[in-house]
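Shown below: upload_12.csv, with CSV, C-alpha atoms.
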chain,number,residue,atom,x,y,z
Z,1,MET,CA,107.3,118.8,93.4
Z,2,SER,CA,110.9,119.7,92.8
Z,3,ILE,CA,111.6,123.3,91.6
Z,4,GLN,CA,114.6,121.9,89.6
Z,5,THR,CA,112.2,120.0,87.3
Z,6,GLN,CA,110.0,122.9,86.5
Z,7,ALA,CA,110.2,125.3,83.6
Z,8,VAL,CA,110.9,128.8,84.7
Z,9,LEU,CA,108.3,131.4,83.8
Z,10,ALA,CA,108.5,135.1,84.1
Z,11,ALA,CA,105.8,137.5,85.0
Z,12,LEU,CA,105.2,141.2,85.1
Z,13,CYS,CA,104.7,143.0,88.4
Z,14,TRP,CA,103.7,146.5,87.6
Z,15,LEU,CA,105.3,149.1,89.8
Z,16,SER,CA,106.7,146.3,92.0
Z,17,GLY,CA,108.7,145.0,89.1
Z,18,LEU,CA,108.6,141.7,87.3
Z,19,SER,CA,108.3,138.4,88.9
Z,20,ILE,CA,109.2,134.9,88.0
Z,21,ALA,CA,107.0,131.9,88.0
Z,22,LEU,CA,107.5,128.3,87.4
Z,23,ALA,CA,105.0,126.3,85.3
Z,24,VAL,CA,104.7,122.6,85.0
Z,25,PRO,CA,101.9,120.4,83.9
Z,26,ALA,CA,99.7,119.9,87.0
Z,27,ALA,CA,100.3,116.7,88.8
Z,28,THR,CA,102.4,115.3,85.9
Z,29,GLU,CA,106.0,115.3,84.9
Z,30,PRO,CA,106.6,117.7,82.0
Z,31,GLN,CA,107.7,116.1,78.8
Z,32,THR,CA,109.1,119.2,77.2
Z,33,PRO,CA,108.8,122.2,79.6
Z,34,PRO,CA,106.5,124.7,78.1
Z,35,PRO,CA,107.9,128.2,77.5
Z,36,PRO,CA,107.5,130.5,80.4
Z,37,THR,CA,104.4,132.4,81.1
Z,38,ALA,CA,104.0,135.9,82.3
Z,39,VAL,CA,101.9,136.4,85.4
Z,40,PRO,CA,100.7,139.3,87.5
Z,41,ASP,CA,101.5,140.6,90.9
Z,42,LEU,CA,99.3,140.7,93.9
Z,43,PRO,CA,98.2,144.1,95.1
Z,44,VAL,CA,98.7,144.4,98.8
Z,45,SER,CA,97.8,147.2,101.1
Z,46,PRO,CA,100.8,147.3,103.4
Z,47,SER,CA,102.0,149.9,105.6
Z,48,THR,CA,105.3,151.4,106.1
Z,49,VAL,CA,107.2,148.9,104.0
Z,50,PRO,CA,108.6,150.5,100.8
Z,51,GLN,CA,107.3,148.8,97.7
Z,52,ALA,CA,109.6,147.6,94.9
Z,53,PRO,CA,109.3,145.3,91.9
Z,54,ILE,CA,110.6,141.9,91.1
Z,55,PRO,CA,112.0,140.3,88.0
Z,56,GLY,CA,112.0,137.6,85.4
Z,57,THR,CA,113.8,134.4,84.4
Z,58,THR,CA,117.1,133.0,83.2
Z,59,SER,CA,119.7,130.4,82.4
Z,60,PRO,CA,123.3,130.1,83.5
Z,61,GLN,CA,126.9,130.6,82.4
Z,62,THR,CA,130.2,132.3,83.2
Z,63,LEU,CA,130.8,135.8,82.2
Z,64,PRO,CA,134.0,137.2,80.7
Z,65,VAL,CA,135.4,140.5,82.1
Z,66,LEU,CA,134.0,143.5,80.3
Z,67,GLN,CA,136.5,145.5,78.3
Z,68,LYS,CA,136.2,149.2,78.5
Z,69,PRO,CA,135.8,151.0,75.1
Z,70,PRO,CA,139.0,152.6,73.7
Z,71,ALA,CA,139.7,156.1,74.9
Z,72,GLN,CA,138.5,158.9,72.6
Z,73,GLY,CA,141.2,160.7,70.7
Z,74,ALA,CA,142.2,164.2,71.7
Z,75,GLY,CA,140.1,166.9,70.1
Z,76,THR,CA,137.2,164.6,69.2
Z,77,GLN,CA,133.8,164.8,70.8
Z,78,GLU,CA,133.3,162.0,73.3
Z,79,THR,CA,130.6,159.5,72.3
Z,80,PRO,CA,128.7,157.4,74.7
Z,81,SER,CA,130.2,154.0,75.3
Z,82,GLU,CA,128.3,150.8,74.4
Z,83,VAL,CA,128.8,147.2,75.5
Z,84,VAL,CA,129.0,144.6,72.7
Z,85,VAL,CA,128.8,141.0,73.8
Z,86,ASP,CA,129.8,138.5,71.1
Z,87,ALA,CA,130.5,134.9,71.9
Z,88,PRO,CA,130.9,131.7,69.9
Z,89,GLU,CA,128.2,129.9,71.9
Z,90,PRO,CA,125.0,131.3,73.3
Z,91,LYS,CA,125.9,133.0,76.5
Z,92,TYR,CA,124.1,136.3,76.2
Z,93,VAL,CA,121.5,136.0,73.5
Z,94,ALA,CA,120.1,132.5,73.0
Z,95,PRO,CA,117.5,131.7,70.3
Z,96,THR,CA,114.3,129.8,70.8
Z,97,LEU,CA,114.7,126.3,69.5
Z,98,ARG,CA,112.4,123.3,69.5
Z,99,ASP,CA,113.6,122.2,72.9
Z,100,ARG,CA,114.6,125.5,74.5
Z,101,ILE,CA,113.2,128.9,75.1
Z,102,GLY,CA,115.4,131.9,74.1
Z,103,ARG,CA,117.0,134.2,76.6
Z,104,ILE,CA,118.7,137.6,76.8
Z,105,TRP,CA,121.3,138.1,79.5
Z,106,ALA,CA,123.2,141.3,80.2
Z,107,PRO,CA,126.7,141.4,81.8
Z,108,VAL,CA,126.3,144.0,84.5
Z,109,LEU,CA,129.0,145.6,86.7
Z,110,ILE,CA,127.7,146.3,90.2
Z,111,ASN,CA,129.9,148.6,92.3
Z,112,GLY,CA,132.6,148.0,89.6
Z,113,LYS,CA,132.6,144.3,90.3
Z,114,GLY,CA,131.5,141.4,88.0
Z,115,PRO,CA,130.1,141.4,85.5
Z,116,PHE,CA,127.1,139.6,86.8
Z,117,ARG,CA,124.7,137.9,84.4
Z,118,LEU,CA,121.3,139.4,84.8
Z,119,VAL,CA,118.2,138.6,82.7
Z,120,LEU,CA,117.3,141.6,80.6
Z,121,ASP,CA,113.7,142.1,81.4
Z,122,THR,CA,111.5,144.8,79.8
Z,123,GLY,CA,108.7,143.7,81.9
Z,124,ALA,CA,110.4,144.3,85.3
Z,125,SER,CA,110.1,147.8,86.7
Z,126,HIS,CA,113.1,147.1,89.0
Z,127,SER,CA,116.3,145.1,89.0
Z,128,ALA,CA,116.9,142.4,91.6
Z,129,ILE,CA,119.7,140.0,92.6
Z,130,ILE,CA,120.1,136.7,94.4
Z,131,GLN,CA,122.0,136.2,97.6
Z,132,SER,CA,125.2,134.9,96.0
Z,133,VAL,CA,125.7,138.3,94.3
Z,134,VAL,CA,125.5,140.0,97.7
Z,135,GLU,CA,128.3,137.7,98.9
Z,136,SER,CA,130.4,138.4,95.8
Z,137,LEU,CA,130.1,142.1,96.4
Z,138,GLY,CA,131.2,141.7,100.0
Z,139,LEU,CA,128.0,143.3,101.3
Z,140,THR,CA,126.7,140.5,103.6
Z,141,GLY,CA,127.3,142.8,106.6
Z,142,GLN,CA,125.5,145.7,105.2
Z,143,ALA,CA,122.3,146.8,106.9
Z,144,VAL,CA,119.3,145.7,104.8
Z,145,THR,CA,116.0,147.4,104.0
Z,146,PRO,CA,112.8,145.5,104.1
Z,147,ILE,CA,110.9,145.9,100.8
Z,148,MET,CA,107.5,144.6,99.7
Z,149,VAL,CA,107.9,142.6,96.5
Z,150,ARG,CA,104.8,141.9,94.4
Z,151,GLY,CA,105.3,138.7,92.5
Z,152,VAL,CA,103.4,136.6,90.0
Z,153,THR,CA,101.2,134.8,92.4
Z,154,GLY,CA,101.6,136.7,95.6
Z,155,SER,CA,103.6,139.2,97.6
Z,156,ALA,CA,106.4,139.0,100.2
Z,157,ILE,CA,108.6,141.2,102.2
Z,158,VAL,CA,112.3,140.6,101.2
Z,159,ASN,CA,115.5,142.3,102.2
Z,160,ALA,CA,117.2,144.8,99.9
Z,161,ILE,CA,120.7,146.2,99.7
Z,162,HIS,CA,122.0,149.5,98.5
Z,163,VAL,CA,124.7,149.7,95.8
Z,164,ASP,CA,126.5,152.6,94.5
Z,165,SER,CA,126.2,151.8,90.8
Z,166,MET,CA,125.1,149.3,88.1
Z,167,GLU,CA,126.6,149.6,84.7
Z,168,VAL,CA,126.3,147.9,81.3
Z,169,GLY,CA,127.1,149.7,78.1
Z,170,ASP,CA,125.5,153.2,78.1
Z,171,LEU,CA,123.2,152.1,80.9
Z,172,LEU,CA,124.3,153.5,84.3
Z,173,ILE,CA,122.1,153.4,87.4
Z,174,ASP,CA,123.5,155.0,90.5
Z,175,PRO,CA,122.8,154.5,93.3
Z,176,ALA,CA,120.3,151.6,93.4
Z,177,THR,CA,118.3,149.6,95.9
Z,178,LEU,CA,118.2,145.9,94.9
Z,179,PRO,CA,115.8,143.4,96.4
Z,180,ILE,CA,117.3,140.0,97.2
Z,181,VAL,CA,115.1,137.4,95.7
Z,182,ALA,CA,115.0,133.6,95.6
Z,183,ASP,CA,117.4,131.8,93.3
Z,184,VAL,CA,114.9,130.7,90.7
Z,185,PHE,CA,116.6,132.0,87.6
Z,186,GLY,CA,118.2,128.8,86.4
Z,187,GLY,CA,121.7,130.0,86.9
Z,188,ALA,CA,121.5,133.7,86.3
Z,189,ASP,CA,122.4,136.2,89.0
Z,190,GLY,CA,119.1,138.2,88.9
Z,191,VAL,CA,117.2,140.5,86.7
Z,192,LEU,CA,118.0,143.8,85.0
Z,193,GLY,CA,114.8,145.9,85.0
Z,194,ARG,CA,113.8,148.8,82.8
Z,195,GLU,CA,114.7,151.6,85.3
Z,196,GLY,CA,117.7,152.6,83.1
Z,197,LEU,CA,116.2,152.0,79.7
Z,198,PRO,CA,114.0,155.0,78.8
Z,199,ASP,CA,116.5,156.4,76.3
Z,200,LYS,CA,118.2,153.2,75.2
Z,201,ARG,CA,118.3,151.1,72.1
Z,202,ILE,CA,118.7,147.3,72.7
Z,203,PHE,CA,120.0,145.1,69.8
Z,204,ALA,CA,119.8,141.4,70.4
Z,205,ASP,CA,121.1,139.1,67.6
Z,206,PHE,CA,119.9,135.6,68.2
Z,207,ARG,CA,121.9,134.1,65.3
Z,208,HIS,CA,125.3,135.5,66.4
Z,209,ASP,CA,124.9,135.7,70.2
Z,210,LYS,CA,125.4,139.5,70.2
Z,211,LEU,CA,123.9,142.0,72.6
Z,212,ILE,CA,124.4,145.8,72.3
Z,213,ILE,CA,122.9,148.3,74.7
Z,214,ALA,CA,123.5,151.9,73.6
Z,215,ARG,CA,121.8,155.3,73.6
Z,216,SER,CA,119.1,155.7,71.0
Z,217,HIS,CA,119.8,158.3,68.4
Z,218,LEU,CA,116.4,157.9,66.7
Z,219,GLU,CA,117.9,155.7,64.0
Z,220,ARG,CA,115.8,154.3,61.2
Z,221,PRO,CA,115.4,150.5,61.2
Z,222,PRO,CA,118.3,148.7,59.3
Z,223,ALA,CA,117.5,147.2,55.9
Z,224,GLY,CA,115.4,144.0,56.2
Z,225,TYR,CA,113.9,144.9,59.6
Z,226,THR,CA,110.1,145.2,60.1
Z,227,PRO,CA,109.2,148.1,62.4
Z,228,ILE,CA,106.4,147.7,64.9
Z,229,HIS,CA,105.0,150.8,66.6
Z,230,LEU,CA,104.9,150.5,70.4
Z,231,LYS,CA,103.0,152.4,73.1
Z,232,LEU,CA,104.4,153.1,76.5
Z,233,THR,CA,101.8,152.4,79.1
Z,234,ARG,CA,101.3,154.3,82.4
Z,235,ALA,CA,103.0,151.4,84.1
Z,236,GLY,CA,106.1,151.9,81.9
Z,237,LEU,CA,105.5,148.7,79.8
Z,238,LEU,CA,106.0,148.5,76.0
Z,239,GLU,CA,102.8,147.5,74.2
Z,240,ALA,CA,102.1,146.6,70.6
Z,241,GLU,CA,98.8,146.0,68.9
Z,242,VAL,CA,98.5,142.5,67.5
Z,243,ARG,CA,95.8,140.1,66.3
Z,244,VAL,CA,95.4,136.6,67.6
Z,245,GLY,CA,93.4,134.9,64.9
Z,246,SER,CA,90.8,137.6,64.3
Z,247,VAL,CA,90.9,139.0,67.8
Z,248,ARG,CA,92.5,142.5,68.3
Z,249,THR,CA,94.8,142.2,71.2
Z,250,GLU,CA,97.2,144.3,73.2
Z,251,ALA,CA,100.6,142.6,73.6
Z,252,ILE,CA,103.1,143.6,76.2
Z,253,ILE,CA,106.7,143.0,75.2
Z,254,ASP,CA,108.2,140.9,78.0
Z,255,THR,CA,111.8,139.8,77.4
Z,256,GLY,CA,111.9,138.4,80.9
Z,257,GLY,CA,109.1,136.0,80.4
Z,258,GLN,CA,109.7,132.6,78.7
Z,259,GLN,CA,106.1,131.7,77.9
Z,260,THR,CA,103.5,133.9,76.2
Z,261,VAL,CA,100.6,134.4,78.5
Z,262,GLY,CA,97.1,135.5,77.7
Z,263,ASN,CA,94.2,136.7,79.9
Z,264,VAL,CA,90.9,134.9,80.2
Z,265,ALA,CA,89.2,137.7,78.1
Z,266,LEU,CA,91.4,136.7,75.2
Z,267,ARG,CA,90.7,133.0,75.6
Z,268,ASP,CA,86.9,133.7,75.8
Z,269,ALA,CA,87.1,135.8,72.6
Z,270,LEU,CA,88.9,133.0,70.8
Z,271,MET,CA,86.8,130.1,71.8
Z,272,LYS,CA,83.4,129.5,73.3
Z,273,ARG,CA,84.6,126.5,75.3
Z,274,GLU,CA,87.9,125.3,76.4
Z,275,PRO,CA,89.4,122.7,74.0
Z,276,PRO,CA,89.8,119.1,75.3
Z,277,ASN,CA,93.6,119.2,74.7
Z,278,ALA,CA,94.2,122.2,77.1
Z,279,ARG,CA,97.2,121.4,79.3
Z,280,PRO,CA,96.8,122.5,82.9
Z,281,GLU,CA,99.8,124.3,84.5
Z,282,ASP,CA,100.8,125.0,88.1
Z,283,ILE,CA,102.3,128.5,88.1
Z,284,VAL,CA,104.7,129.1,91.0
Z,285,GLY,CA,105.7,132.6,91.8
Z,286,VAL,CA,108.8,133.9,93.6
Z,287,THR,CA,106.8,133.7,96.8
Z,288,LEU,CA,106.1,130.0,96.0
Z,289,ASP,CA,102.3,130.6,95.9
Z,290,LEU,CA,100.5,128.4,93.3
Z,291,GLN,CA,98.2,129.5,90.5
Z,292,ARG,CA,96.5,127.4,87.8
Z,293,GLY,CA,96.6,128.2,84.1
Z,294,ASP,CA,95.8,126.3,80.9
Z,295,THR,CA,98.2,126.1,78.0
Z,296,ILE,CA,96.4,126.0,74.6
Z,297,ALA,CA,97.5,126.1,71.0
Z,298,ALA,CA,96.6,129.6,69.8
Z,299,PRO,CA,95.6,130.8,66.3
Z,300,PRO,CA,98.3,132.6,64.3
Z,301,ILE,CA,99.5,135.9,65.9
Z,302,SER,CA,99.8,138.8,63.5
Z,303,ILE,CA,102.2,141.6,64.5
Z,304,GLY,CA,102.7,144.3,61.8
Z,305,THR,CA,103.2,142.4,58.5
Z,306,LEU,CA,104.5,139.3,60.3
Z,307,ARG,CA,102.4,136.2,61.0
Z,308,ILE,CA,103.6,133.8,63.7
Z,309,GLN,CA,102.2,130.3,63.8
Z,310,HIS,CA,102.3,127.3,66.2
Z,311,VAL,CA,102.4,129.4,69.4
Z,312,SER,CA,101.1,127.9,72.6
Z,313,VAL,CA,99.6,130.4,75.1
Z,314,THR,CA,99.0,129.9,78.8
Z,315,PHE,CA,95.7,131.5,79.8
Z,316,ALA,CA,95.1,132.7,83.3
Z,317,ASP,CA,93.8,135.9,84.9
Z,318,THR,CA,96.9,136.2,87.0
Z,319,PHE,CA,97.4,138.7,89.7
Z,320,LEU,CA,99.4,140.8,87.3
Z,321,PHE,CA,96.5,141.2,84.9
Z,322,GLU,CA,94.2,142.0,87.8
Z,323,HIS,CA,96.6,144.5,89.3
Z,324,LEU,CA,97.0,146.3,86.0
Z,325,GLN,CA,93.2,146.1,85.4
Z,326,LEU,CA,93.8,144.1,82.2
Z,327,THR,CA,91.2,141.4,82.8
Z,328,ARG,CA,88.5,142.8,80.5
Z,329,LYS,CA,90.2,143.5,77.2
Z,330,PRO,CA,92.2,140.7,75.4
Z,331,THR,CA,95.8,141.1,76.4
Z,332,LEU,CA,99.0,139.0,75.9
Z,333,LEU,CA,102.4,139.0,77.6
Z,334,LEU,CA,104.6,138.3,74.6
Z,335,GLY,CA,107.4,136.2,75.9
Z,336,MET,CA,110.7,134.9,74.7
Z,337,ASP,CA,109.1,131.8,73.1
Z,338,VAL,CA,108.0,134.2,70.4
Z,339,LEU,CA,110.6,137.0,70.6
Z,340,GLY,CA,113.5,134.5,70.6
Z,341,SER,CA,112.2,132.9,67.4
Z,342,PHE,CA,113.3,135.9,65.3
Z,343,ASP,CA,116.8,136.3,63.9
Z,344,ALA,CA,117.3,139.6,65.7
Z,345,ILE,CA,115.3,142.2,67.4
Z,346,ILE,CA,115.8,145.9,68.3
Z,347,ILE,CA,113.9,147.5,71.1
Z,348,ASP,CA,114.2,151.3,70.8
Z,349,TYR,CA,112.6,152.9,73.9
Z,350,ARG,CA,113.1,156.4,72.6
Z,351,MET,CA,111.6,155.6,69.2
Z,352,ARG,CA,108.9,153.5,70.9
Z,353,GLU,CA,109.6,150.8,68.3
Z,354,LEU,CA,110.2,147.1,68.1
Z,355,GLU,CA,112.2,146.2,64.9
Z,356,ILE,CA,112.2,142.5,63.8
Z,357,LEU,CA,114.5,140.7,61.5
Z,358,THR,CA,113.5,137.2,60.1
Z,359,ARG,CA,114.9,135.4,57.2
Z,360,ASN,CA,111.8,133.2,56.9
Z,361,GLY,CA,109.7,136.0,55.3
Z,362,PRO,CA,106.5,137.5,56.7
Z,363,GLU,CA,105.0,134.1,57.8
Z,364,PHE,CA,106.7,131.5,59.9

Here is the file; what I need is its structure written in the form of structure tokens.
Amino acid sequence: MSIQTQAVLAALCWLSGLSIALAVPAATEPQTPPPPTAVPDLPVSPSTVPQAPIPGTTSPQTLPVLQKPPAQGAGTQETPSEVVVDAPEPKYVAPTLRDRIGRIWAPVLINGKGPFRLVLDTGASHSAIIQSVVESLGLTGQAVTPIMVRGVTGSAIVNAIHVDSMEVGDLLIDPATLPIVADVFGGADGVLGREGLPDKRIFADFRHDKLIIARSHLERPPAGYTPIHLKLTRAGLLEAEVRVGSVRTEAIIDTGGQQTVGNVALRDALMKREPPNARPEDIVGVTLDLQRGDTIAAPPISIGTLRIQHVSVTFADTFLFEHLQLTRKPTLLLGMDVLGSFDAIIIDYRMRELEILTRNGPEF
């Protein structure tokens, strides 16, 4: 089956980073590609090979050259710069529509070159790039380091390069080791993981295609935004408490995943038997290993005071859930099919808060 015809899914990969997966109805041609699903990574017991994480999913387009912020006036205290991306058409923050899953792309300078368009992925512990970026950086002759990447459905040893810096807004990572992964991002140049985000505030405006990454100053939510308390797990993931129907569920905020994914424990808590209209999916990870899941219409998801209806969830005990030991309690990977349906979101790592703006009221 052709990868080009498959819908790209993103999956979390604990300490190894986030992986991408492709899901299509098993043995059939997809009518409308279901939103991506988050999947786990395969624990391996390797040897001397360093272990690094892998990333999420994306969509293409050309990036404009970043403008540096105006210089601070003499005698004034320097404030951290921030990058503001504002474009007439969705290039950086695309909303979830009836026929398209939303995305967040960050324009990232690597070694001062670019910017390169990387999927902003709160589920990836590590950034990664594709081979064309290596060529654009002029690093094809650089000695590479073998790295074990744990992906959605398996693991693989890939090459990695060393770069001096990665920069977008207030986010500066230097130096960095970047795994070179398969070009399965739908046109993006790789994934921007969460290694530089612990003190950041991310503002994504889906109505106006605007992305701002800046230092968090512990601001209160703007007027009209609903704040959702988050916990930071030991694996570095942001987690909210939600309810799926009447089932209390832990939801991992995964901006790199297209489809919302649930574990089998959640499915069993929701229904005694699988409904006849469950849609089988073949999930293909970055290592091209296959895993089967079932996509089912879920009950309304309640998060804070908001109630989200008509969400399809792909259920599978992926390697990710197994690796994170999340197969026993109901757990969701909340993907961009849901997050991109809001008007705007703010993810404040320092505040441990997700702030949501929706013009449709508390139920939609």

Shell around region 265-272 of chain Z at 10 Å using all atoms listed in the file, local window under 6 positions removed, as a PDB file with C-alpha atoms, keeping the file's coordinate frame:
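Once everything was written out, this is out32.pdb:
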ATOM      1  CA  VAL Z 244      95.400 136.600  67.600  1.00  0.00           C
ATOM      2  CA  GLY Z 245      93.400 134.900  64.900  1.00  0.00           C
ATOM      3  CA  SER Z 246      90.800 137.600  64.300  1.00  0.00           C
ATOM      4  CA  VAL Z 247      90.900 139.000  67.800  1.00  0.00           C
ATOM      5  CA  ARG Z 248      92.500 142.500  68.300  1.00  0.00           C
ATOM      6  CA  THR Z 249      94.800 142.200  71.200  1.00  0.00           C
ATOM      7  CA  GLU Z 250      97.200 144.300  73.200  1.00  0.00           C
ATOM      8  CA  ASP Z 294      95.800 126.300  80.900  1.00  0.00           C
ATOM      9  CA  ILE Z 296      96.400 126.000  74.600  1.00  0.00           C
ATOM     10  CA  ALA Z 298      96.600 129.600  69.800  1.00  0.00           C
ATOM     11  CA  PRO Z 299      95.600 130.800  66.300  1.00  0.00           C
ATOM     12  CA  VAL Z 313      99.600 130.400  75.100  1.00  0.00           C
ATOM     13  CA  THR Z 314      99.000 129.900  78.800  1.00  0.00           C
ATOM     14  CA  PHE Z 315      95.700 131.500  79.800  1.00  0.00           C
ATOM     15  CA  ALA Z 316      95.100 132.700  83.300  1.00  0.00           C
ATOM     16  CA  ASP Z 317      93.800 135.900  84.900  1.00  0.00           C
ATOM     17  CA  LEU Z 326      93.800 144.100  82.200  1.00  0.00           C
ATOM     18  CA  THR Z 327      91.200 141.400  82.800  1.00  0.00           C
ATOM     19  CA  ARG Z 328      88.500 142.800  80.500  1.00  0.00           C
ATOM     20  CA  LYS Z 329      90.200 143.500  77.200  1.00  0.00           C
ATOM     21  CA  PRO Z 330      92.200 140.700  75.400  1.00  0.00           C
ATOM     22  CA  THR Z 331      95.800 141.100  76.400  1.00  0.00           C
ATOM     23  CA  LEU Z 332      99.000 139.000  75.900  1.00  0.00           C
TER      24      LEU Z 332
END

Can I get the residues of region 219-284 of chain Z within 12 Å of region 355-358 of chain Z, each with the closest pair of atoms and their distance in Å to one decimal, using only C-alpha atoms, sorted chain first then ascending number, as CSV?
residue,atom,partner,partner_atom,distance
Z:Glu219,CA,Z:Glu355,CA,11.1
Z:Arg220,CA,Z:Glu355,CA,9.6
Z:Pro221,CA,Z:Glu355,CA,6.5
Z:Pro222,CA,Z:Glu355,CA,8.6
Z:Ala223,CA,Z:Leu357,CA,9.1
Z:Gly224,CA,Z:Leu357,CA,6.3
Z:Tyr225,CA,Z:Leu357,CA,4.6
Z:Thr226,CA,Z:Ile356,CA,5.0
Z:Pro227,CA,Z:Glu355,CA,4.3
Z:Ile228,CA,Z:Glu355,CA,6.0
Z:His229,CA,Z:Glu355,CA,8.7
Z:Leu230,CA,Z:Glu355,CA,10.1
Z:Ala240,CA,Z:Glu355,CA,11.6

Could you dump the residues just selected with C-alpha atoms as a PDB file, in the frame of the given file?
ATOM      1  CA  GLU Z 219     117.900 155.700  64.000  1.00  0.00           C
ATOM      2  CA  ARG Z 220     115.800 154.300  61.200  1.00  0.00           C
ATOM      3  CA  PRO Z 221     115.400 150.500  61.200  1.00  0.00           C
ATOM      4  CA  PRO Z 222     118.300 148.700  59.300  1.00  0.00           C
ATOM      5  CA  ALA Z 223     117.500 147.200  55.900  1.00  0.00           C
ATOM      6  CA  GLY Z 224     115.400 144.000  56.200  1.00  0.00           C
ATOM      7  CA  TYR Z 225     113.900 144.900  59.600  1.00  0.00           C
ATOM      8  CA  THR Z 226     110.100 145.200  60.100  1.00  0.00           C
ATOM      9  CA  PRO Z 227     109.200 148.100  62.400  1.00  0.00           C
ATOM     10  CA  ILE Z 228     106.400 147.700  64.900  1.00  0.00           C
ATOM     11  CA  HIS Z 229     105.000 150.800  66.600  1.00  0.00           C
ATOM     12  CA  LEU Z 230     104.900 150.500  70.400  1.00  0.00           C
ATOM     13  CA  ALA Z 240     102.100 146.600  70.600  1.00  0.00           C
TER      14      ALA Z 240
END

Quiz item: Quick one: distance from CA of Ile110 (chain Z) to CA of Ala160 (chain Z) in Å, one decimal?
Solution: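 CA of Ala160 (chain Z) lies 14.4 Å from CA of Ile110 (chain Z).
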
Exercise. Figure out the distance between CA of Asp205 (chain Z) and CA of Glu241 (chain Z), please, to one decimal in Å.
Key: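 Computed distance, CA of Glu241 (chain Z) to CA of Asp205 (chain Z), equals 23.4 Å.
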
Quiz item: Between CA of Ile147 (chain Z) and CA of Met336 (chain Z), what is the spacing in Å?
Solution: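 Computing the Euclidean distance for CA of Met336 (chain Z) and CA of Ile147 (chain Z) yields 28.3 Å.
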
Practice problem: Tell me which protein, DNA and RNA residues are within 10 Å of Leu232 (chain Z), counting all atoms listed in the file, leaving out same-chain ones fewer than 4 positions away, and put them as number ranges by chain. | Solution: Z: 236-240, 252, 349, 352-353

Output of the above residues as a CSV table (one decimal), keeping the file's coordinate frame, restricted to C-alpha atoms:
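Generated output (part_23.csv):
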chain,number,residue,atom,x,y,z
Z,236,GLY,CA,106.1,151.9,81.9
Z,237,LEU,CA,105.5,148.7,79.8
Z,238,LEU,CA,106.0,148.5,76.0
Z,239,GLU,CA,102.8,147.5,74.2
Z,240,ALA,CA,102.1,146.6,70.6
Z,252,ILE,CA,103.1,143.6,76.2
Z,349,TYR,CA,112.6,152.9,73.9
Z,352,ARG,CA,108.9,153.5,70.9
Z,353,GLU,CA,109.6,150.8,68.3

Quiz item: Of the residues Z:Val242, Z:Leu109, Z:Ile129, Z:Met166, which is the one nearest to Pro300 (chain Z), using only C-alpha atoms?
Solution: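 Once distances to Pro300 (chain Z) are computed over only C-alpha atoms, the minimum belongs to Z:Val242.
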
What would region 186-195 of chain Z look like with N, CA, C and O atoms in place, written as a PDB file, in the frame of the given file?
ATOM      1  N   GLY Z 186     117.511 129.827  87.183  1.00  0.00           N
ATOM      2  CA  GLY Z 186     118.200 128.800  86.400  1.00  0.00           C
ATOM      3  C   GLY Z 186     119.634 129.063  86.164  1.00  0.00           C
ATOM      4  O   GLY Z 186     120.222 128.597  85.197  1.00  0.00           O
ATOM      5  N   GLY Z 187     120.283 129.785  87.057  1.00  0.00           N
ATOM      6  CA  GLY Z 187     121.700 130.000  86.900  1.00  0.00           C
ATOM      7  C   GLY Z 187     122.129 131.428  86.766  1.00  0.00           C
ATOM      8  O   GLY Z 187     123.289 131.764  86.940  1.00  0.00           O
ATOM      9  N   ALA Z 188     121.195 132.310  86.413  1.00  0.00           N
ATOM     10  CA  ALA Z 188     121.500 133.700  86.300  1.00  0.00           C
ATOM     11  C   ALA Z 188     121.575 134.359  87.667  1.00  0.00           C
ATOM     12  O   ALA Z 188     121.143 133.785  88.650  1.00  0.00           O
ATOM     13  N   ASP Z 189     122.111 135.568  87.715  1.00  0.00           N
ATOM     14  CA  ASP Z 189     122.400 136.200  89.000  1.00  0.00           C
ATOM     15  C   ASP Z 189     121.237 137.190  89.407  1.00  0.00           C
ATOM     16  O   ASP Z 189     121.341 137.864  90.434  1.00  0.00           O
ATOM     17  N   GLY Z 190     120.181 137.271  88.607  1.00  0.00           N
ATOM     18  CA  GLY Z 190     119.100 138.200  88.900  1.00  0.00           C
ATOM     19  C   GLY Z 190     118.474 138.736  87.667  1.00  0.00           C
ATOM     20  O   GLY Z 190     118.562 138.143  86.586  1.00  0.00           O
ATOM     21  N   VAL Z 191     117.889 139.916  87.800  1.00  0.00           N
ATOM     22  CA  VAL Z 191     117.200 140.500  86.700  1.00  0.00           C
ATOM     23  C   VAL Z 191     117.599 141.991  86.539  1.00  0.00           C
ATOM     24  O   VAL Z 191     117.775 142.705  87.530  1.00  0.00           O
ATOM     25  N   LEU Z 192     117.781 142.404  85.286  1.00  0.00           N
ATOM     26  CA  LEU Z 192     118.000 143.800  85.000  1.00  0.00           C
ATOM     27  C   LEU Z 192     116.718 144.413  84.509  1.00  0.00           C
ATOM     28  O   LEU Z 192     116.234 144.088  83.416  1.00  0.00           O
ATOM     29  N   GLY Z 193     116.117 145.266  85.349  1.00  0.00           N
ATOM     30  CA  GLY Z 193     114.800 145.900  85.000  1.00  0.00           C
ATOM     31  C   GLY Z 193     114.972 147.048  84.084  1.00  0.00           C
ATOM     32  O   GLY Z 193     116.061 147.364  83.595  1.00  0.00           O
ATOM     33  N   ARG Z 194     113.861 147.711  83.860  1.00  0.00           N
ATOM     34  CA  ARG Z 194     113.800 148.800  82.800  1.00  0.00           C
ATOM     35  C   ARG Z 194     114.101 150.155  83.396  1.00  0.00           C
ATOM     36  O   ARG Z 194     113.937 151.158  82.691  1.00  0.00           O
ATOM     37  N   GLU Z 195     114.547 150.257  84.676  1.00  0.00           N
ATOM     38  CA  GLU Z 195     114.700 151.600  85.300  1.00  0.00           C
ATOM     39  C   GLU Z 195     115.733 152.445  84.559  1.00  0.00           C
ATOM     40  O   GLU Z 195     115.692 153.670  84.644  1.00  0.00           O
TER      41      GLU Z 195
END
